[in-house]
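Colleague: Would you mind keeping the following structure in view while I ask a few things?
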Amino acid sequence: MSFRATVLTLFPDMFPGPLGFSLAGRALGEGGWSLDTVDIRDHASDRHRSVDDTPAGGGPGMVMRADVLARAIDAASPEGDARPRLLMSPRGKPLTQADVKRFAAGPGLTILCGRFEGVDERLIEARGLVEVSVGDYVLSGGEVAAMTLLDAVVRLLPGVMGAAESASEESFEGGLLEYPQYTRPAEWEGRTIPPVLTSGDHGKVAAWRRAQAEALTRARRPDLLARDDGTD
């Protein structure tokens, strides 16, 4: 069974968007994974197709209603559906490459894209939604975040990347950022490729790449090194 993604959104026309191009788009066209969208407004109960209301306790903005969202989720992910239910949210657990690999190994995902001030907390609890964040910033809605997550996951599905070893050489694999990459021409604007990379000595190349990856990680993401070795 191929990986199956269902996205619940107020803007279904945003999809597949970038997911219809490059590796993800080719795999989608070839049936390597599937993408369905659910228009949340189709599950509203009034003639205005209302999906939100004012926040309890007062305050600015609007909150997405639990009853409407529950009907949408129950229709898209009925009892027995083994796919995790995610809510894209800036207060969620930061998405990591380990999460991406775990999702890619599963049957698919059901993803709710929040809007406005957020989602009624009762819905999150009652439907077991796992909140996921793609960064410490706030977007207009969860759609772009959902695309980011799905792009990261789909590229790891079997057969999507041309060379399987490509994934093992990327940033965050092994707890390090990726080493610098170079290609032809050998000299460009007075800058040359590091000689070790054209030496033909695979051992020296591997050692250079490892050292560069460690140096970059130490300079830009020391938190990754601390996470790996348990130091502060």
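Labels for the structure tokens follow display order: chains A, B, ..., residues from 1 in each chain, ligands from 1.
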Determine, counting only C-alpha atoms, which protein, DNA and RNA residues have an atom within 7 Å of an atom of Lys93 (chain A); residues of the same chain fewer than 2 positions away are not included. Present the result as a PDB file with N, CA and C atoms, in the first residue's frame.
Modeller:
ATOM      1  N   ARG A  91       2.971  25.942  18.300  1.00  0.00           N
ATOM      2  CA  ARG A  91       3.265  25.518  19.667  1.00  0.00           C
ATOM      3  C   ARG A  91       3.559  24.026  19.747  1.00  0.00           C
ATOM      4  N   LEU A  95       9.540  19.680  14.318  1.00  0.00           N
ATOM      5  CA  LEU A  95       9.734  18.557  13.406  1.00  0.00           C
ATOM      6  C   LEU A  95      11.227  18.270  13.244  1.00  0.00           C
ATOM      7  N   GLU A 131       0.445  17.818  17.816  1.00  0.00           N
ATOM      8  CA  GLU A 131       0.814  19.130  17.285  1.00  0.00           C
ATOM      9  C   GLU A 131       2.277  19.122  16.841  1.00  0.00           C
ATOM     10  N   VAL A 132       2.502  19.608  15.624  1.00  0.00           N
ATOM     11  CA  VAL A 132       3.833  19.616  15.026  1.00  0.00           C
ATOM     12  C   VAL A 132       4.137  21.016  14.518  1.00  0.00           C
ATOM     13  N   SER A 133       5.343  21.476  14.789  1.00  0.00           N
ATOM     14  CA  SER A 133       5.790  22.796  14.331  1.00  0.00           C
ATOM     15  C   SER A 133       6.953  22.636  13.361  1.00  0.00           C
TER      16      SER A 133
END
Colleague: May I have the residues within 9 Å of Gly17 (chain A) as an NGL selection string, using only C-alpha atoms and disregarding those fewer than 4 positions away in the same chain?
Modeller: :A and (13 or 21 or 147)
Colleague: Restricting the output to N, CA and C atoms, write the selected residues as a CSV table (one decimal), in the first residue's frame.
Modeller:
chain,number,residue,atom,x,y,z
A,13,ASP,N,-7.6,24.3,-2.7
A,13,ASP,CA,-7.0,24.6,-4.0
A,13,ASP,C,-5.5,24.9,-3.8
A,21,PHE,N,5.4,19.1,-8.1
A,21,PHE,CA,6.6,19.2,-8.9
A,21,PHE,C,7.7,18.4,-8.4
A,147,MET,N,2.8,21.3,3.7
A,147,MET,CA,3.5,21.1,2.5
A,147,MET,C,5.0,20.8,2.8
Colleague: I need the residues of region 136-230 of chain A that end up classed as helix (DSSP H, G or I) by DSSP on the backbone, written out as a PyMOL selection string.
Modeller: chain A and resi 143-154+164-169+173-175+195-198+202-220+222-229
Colleague: Mind writing the picked residues with N, CA and C atoms as a compact mmCIF listing (two decimals), in the first residue's frame?
Modeller:
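As written to disk, out.txt reads:
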# COMPACT_ATOMS: atom_id res chain seq x y z
N GLU A 143 -1.22 25.34 6.07
CA GLU A 143 -1.05 24.74 4.76
C GLU A 143 0.41 24.67 4.31
N VAL A 144 1.11 25.80 4.40
CA VAL A 144 2.52 25.81 3.99
C VAL A 144 3.34 24.87 4.87
N ALA A 145 3.04 24.84 6.15
CA ALA A 145 3.73 23.92 7.05
C ALA A 145 3.46 22.46 6.67
N ALA A 146 2.23 22.16 6.30
CA ALA A 146 1.89 20.80 5.89
C ALA A 146 2.64 20.40 4.63
N MET A 147 2.76 21.35 3.70
CA MET A 147 3.52 21.07 2.48
C MET A 147 4.99 20.79 2.80
N THR A 148 5.54 21.57 3.73
CA THR A 148 6.92 21.37 4.14
C THR A 148 7.11 19.97 4.72
N LEU A 149 6.24 19.59 5.63
CA LEU A 149 6.33 18.28 6.25
C LEU A 149 6.20 17.17 5.21
N LEU A 150 5.21 17.28 4.33
CA LEU A 150 4.99 16.23 3.35
C LEU A 150 6.14 16.13 2.34
N ASP A 151 6.70 17.27 1.95
CA ASP A 151 7.85 17.22 1.05
C ASP A 151 9.00 16.47 1.69
N ALA A 152 9.25 16.74 2.96
CA ALA A 152 10.34 16.06 3.68
C ALA A 152 10.09 14.57 3.77
N VAL A 153 8.83 14.18 3.98
CA VAL A 153 8.49 12.76 4.14
C VAL A 153 8.52 12.04 2.80
N VAL A 154 7.88 12.62 1.80
CA VAL A 154 7.72 11.92 0.52
C VAL A 154 9.05 11.61 -0.14
N ALA A 164 19.53 5.94 -3.39
CA ALA A 164 19.11 5.74 -2.00
C ALA A 164 20.12 6.30 -1.02
N GLU A 165 21.42 6.27 -1.41
CA GLU A 165 22.45 6.75 -0.49
C GLU A 165 22.42 8.26 -0.33
N SER A 166 21.70 8.98 -1.21
CA SER A 166 21.64 10.44 -1.10
C SER A 166 21.13 10.86 0.26
N ALA A 167 20.14 10.17 0.78
CA ALA A 167 19.53 10.56 2.05
C ALA A 167 20.50 10.42 3.21
N SER A 168 21.41 9.47 3.12
CA SER A 168 22.33 9.23 4.24
C SER A 168 23.43 10.26 4.32
N GLU A 169 23.60 11.08 3.29
CA GLU A 169 24.67 12.08 3.26
C GLU A 169 24.17 13.48 3.56
N GLU A 173 21.52 13.85 9.24
CA GLU A 173 21.81 12.43 9.32
C GLU A 173 23.10 12.27 10.11
N GLY A 174 23.09 11.48 11.16
CA GLY A 174 24.26 11.33 12.01
C GLY A 174 24.46 12.51 12.94
N GLY A 175 23.45 13.38 13.06
CA GLY A 175 23.53 14.48 14.00
C GLY A 175 24.35 15.66 13.55
N PRO A 195 41.61 21.00 -2.99
CA PRO A 195 42.38 19.95 -3.67
C PRO A 195 42.09 18.54 -3.20
N VAL A 196 41.76 18.36 -1.93
CA VAL A 196 41.50 17.02 -1.42
C VAL A 196 40.36 16.35 -2.17
N LEU A 197 39.40 17.13 -2.66
CA LEU A 197 38.24 16.55 -3.33
C LEU A 197 38.56 16.05 -4.74
N THR A 198 39.67 16.48 -5.29
CA THR A 198 40.09 16.02 -6.61
C THR A 198 41.32 15.13 -6.53
N HIS A 202 39.91 8.42 -1.52
CA HIS A 202 38.58 8.38 -0.91
C HIS A 202 38.62 8.48 0.61
N GLY A 203 39.67 7.96 1.21
CA GLY A 203 39.80 8.07 2.66
C GLY A 203 39.98 9.51 3.11
N LYS A 204 40.83 10.24 2.39
CA LYS A 204 41.05 11.64 2.72
C LYS A 204 39.80 12.47 2.46
N VAL A 205 39.09 12.14 1.39
CA VAL A 205 37.85 12.85 1.08
C VAL A 205 36.85 12.66 2.21
N ALA A 206 36.68 11.42 2.66
CA ALA A 206 35.73 11.13 3.73
C ALA A 206 36.11 11.86 5.01
N ALA A 207 37.40 11.88 5.34
CA ALA A 207 37.85 12.56 6.55
C ALA A 207 37.63 14.06 6.45
N TRP A 208 37.90 14.63 5.27
CA TRP A 208 37.69 16.07 5.06
C TRP A 208 36.22 16.42 5.22
N ARG A 209 35.36 15.62 4.62
CA ARG A 209 33.93 15.88 4.71
C ARG A 209 33.43 15.80 6.15
N ARG A 210 33.90 14.81 6.88
CA ARG A 210 33.50 14.67 8.28
C ARG A 210 33.95 15.88 9.09
N ALA A 211 35.19 16.31 8.87
CA ALA A 211 35.71 17.46 9.61
C ALA A 211 34.94 18.73 9.27
N GLN A 212 34.61 18.90 7.99
CA GLN A 212 33.85 20.07 7.58
C GLN A 212 32.44 20.06 8.18
N ALA A 213 31.82 18.87 8.19
CA ALA A 213 30.48 18.76 8.76
C ALA A 213 30.48 19.10 10.24
N GLU A 214 31.50 18.60 10.95
CA GLU A 214 31.59 18.89 12.39
C GLU A 214 31.83 20.38 12.63
N ALA A 215 32.69 21.00 11.81
CA ALA A 215 32.98 22.42 11.99
C ALA A 215 31.75 23.28 11.71
N LEU A 216 31.03 22.96 10.64
CA LEU A 216 29.81 23.71 10.32
C LEU A 216 28.77 23.56 11.42
N THR A 217 28.62 22.34 11.91
CA THR A 217 27.62 22.09 12.95
C THR A 217 27.99 22.83 14.24
N ARG A 218 29.27 22.82 14.56
CA ARG A 218 29.72 23.50 15.77
C ARG A 218 29.49 25.01 15.66
N ALA A 219 29.67 25.57 14.47
CA ALA A 219 29.51 27.01 14.27
C ALA A 219 28.06 27.44 14.17
N ARG A 220 27.25 26.63 13.51
CA ARG A 220 25.89 27.06 13.21
C ARG A 220 24.81 26.40 14.07
N PRO A 222 25.32 24.32 17.32
CA PRO A 222 25.95 23.58 18.42
C PRO A 222 24.96 22.77 19.23
N ASP A 223 23.69 23.13 19.17
CA ASP A 223 22.68 22.36 19.90
C ASP A 223 22.60 20.93 19.40
N LEU A 224 22.91 20.71 18.11
CA LEU A 224 22.89 19.35 17.57
C LEU A 224 24.00 18.50 18.18
N LEU A 225 25.17 19.09 18.35
CA LEU A 225 26.27 18.38 18.96
C LEU A 225 25.99 18.07 20.44
N ALA A 226 25.42 19.03 21.14
CA ALA A 226 25.08 18.82 22.54
C ALA A 226 24.03 17.73 22.68
N ARG A 227 23.10 17.70 21.75
CA ARG A 227 22.04 16.69 21.78
C ARG A 227 22.62 15.30 21.53
N ASP A 228 23.68 15.27 20.69
CA ASP A 228 24.26 13.99 20.32
C ASP A 228 25.11 13.40 21.43
N ASP A 229 25.90 14.26 22.14
CA ASP A 229 26.79 13.72 23.15
C ASP A 229 26.35 13.93 24.58
Colleague: Would you mind reading off the distance between CA of Pro158 (chain A) and CA of Ala5 (chain A), one decimal, in Å?
Modeller: 15.7 Å
Colleague: Contacts between region 41-51 of chain A and region 96-199 of chain A, please, where a residue of region 96-199 of chain A counts if it comes within 12 Å (with only C-alpha atoms); show its shortest atom pair and distance in Å to one decimal, rows by chain and ascending number, as JSON lines.
Modeller:
{"residue": "A:Gly114", "atom": "CA", "partner": "A:Val51", "partner_atom": "CA", "distance": 11.1}
{"residue": "A:Arg115", "atom": "CA", "partner": "A:Val51", "partner_atom": "CA", "distance": 10.1}
{"residue": "A:Phe116", "atom": "CA", "partner": "A:Val51", "partner_atom": "CA", "distance": 10.4}
{"residue": "A:Gly118", "atom": "CA", "partner": "A:Val51", "partner_atom": "CA", "distance": 11.6}
{"residue": "A:Val119", "atom": "CA", "partner": "A:Val51", "partner_atom": "CA", "distance": 10.3}
{"residue": "A:Asp120", "atom": "CA", "partner": "A:Val51", "partner_atom": "CA", "distance": 11.1}
Colleague: Would you save the residues of that selection, restricted to N, CA and C atoms, as a tab-separated table (two decimals), in the first residue's frame?
Modeller:
chain	number	residue	atom	x	y	z
A	114	GLY	N	-4.48	24.40	10.74
A	114	GLY	CA	-5.18	25.39	11.53
A	114	GLY	C	-5.18	26.76	10.87
A	115	ARG	N	-6.09	27.60	11.31
A	115	ARG	CA	-6.18	29.00	10.84
A	115	ARG	C	-6.65	29.85	12.02
A	116	PHE	N	-6.72	31.15	11.80
A	116	PHE	CA	-7.21	32.10	12.81
A	116	PHE	C	-6.33	32.03	14.06
A	118	GLY	N	-6.38	29.68	16.25
A	118	GLY	CA	-6.08	28.31	16.61
A	118	GLY	C	-7.32	27.42	16.60
A	119	VAL	N	-7.19	26.27	17.25
A	119	VAL	CA	-8.21	25.23	17.25
A	119	VAL	C	-8.71	25.00	18.67
A	120	ASP	N	-10.00	24.78	18.83
A	120	ASP	CA	-10.58	24.46	20.13
A	120	ASP	C	-9.81	23.30	20.76
Colleague: Could you tell me, as an NGL selection string, which residues of region 41-207 of chain A DSSP assigns to strand (DSSP E or B) when given the backbone?
Modeller: :A and (52-53 or 63-64 or 85-94 or 108-113 or 119 or 130-133 or 187-188 or 191-192)
Colleague: Give me the residues within 9 Å of region 23-34 of chain A as an mmCIF file with C-alpha atoms, in the first residue's frame, counting only C-alpha atoms and dropping any in the same chain fewer than 2 places off.
Modeller:
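In the end it all went to around01.cif:
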data_model
loop_
_atom_site.group_PDB
_atom_site.id
_atom_site.type_symbol
_atom_site.label_atom_id
_atom_site.label_comp_id
_atom_site.auth_asym_id
_atom_site.auth_seq_id
_atom_site.Cartn_x
_atom_site.Cartn_y
_atom_site.Cartn_z
ATOM 1 C CA MET A 1 0.000 0.000 0.000
ATOM 2 C CA SER A 2 1.386 3.401 -0.921
ATOM 3 C CA PHE A 3 1.767 6.280 1.491
ATOM 4 C CA ARG A 4 -1.565 8.109 1.777
ATOM 5 C CA ALA A 5 -1.841 11.733 2.916
ATOM 6 C CA THR A 6 -5.097 13.514 3.719
ATOM 7 C CA PRO A 16 -0.808 19.934 -4.332
ATOM 8 C CA PRO A 18 4.803 22.600 -4.728
ATOM 9 C CA LEU A 19 4.089 18.941 -4.007
ATOM 10 C CA GLY A 20 3.024 18.570 -7.636
ATOM 11 C CA PHE A 21 6.560 19.240 -8.887
ATOM 12 C CA ASP A 36 -6.449 13.931 -0.761
ATOM 13 C CA GLY A 108 0.477 7.898 5.732
ATOM 14 C CA LEU A 150 4.991 16.227 3.345
ATOM 15 C CA ASP A 151 7.845 17.220 1.051
ATOM 16 C CA VAL A 154 7.719 11.919 0.523
ATOM 17 C CA ARG A 155 11.307 12.242 -0.661
ATOM 18 C CA LEU A 157 9.607 7.006 0.347
ATOM 19 C CA PRO A 158 11.040 4.009 -1.552
ATOM 20 C CA GLY A 159 11.951 4.848 -5.135
ATOM 21 C CA VAL A 160 11.385 8.612 -4.884
ATOM 22 C CA MET A 161 15.069 9.607 -4.795
#
Colleague: Quick one, how far is CA of Arg83 (chain A) from CA of Met64 (chain A)?
Modeller: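 Atom-to-atom, CA of Arg83 (chain A) to CA of Met64 (chain A), that is 22.6 Å.
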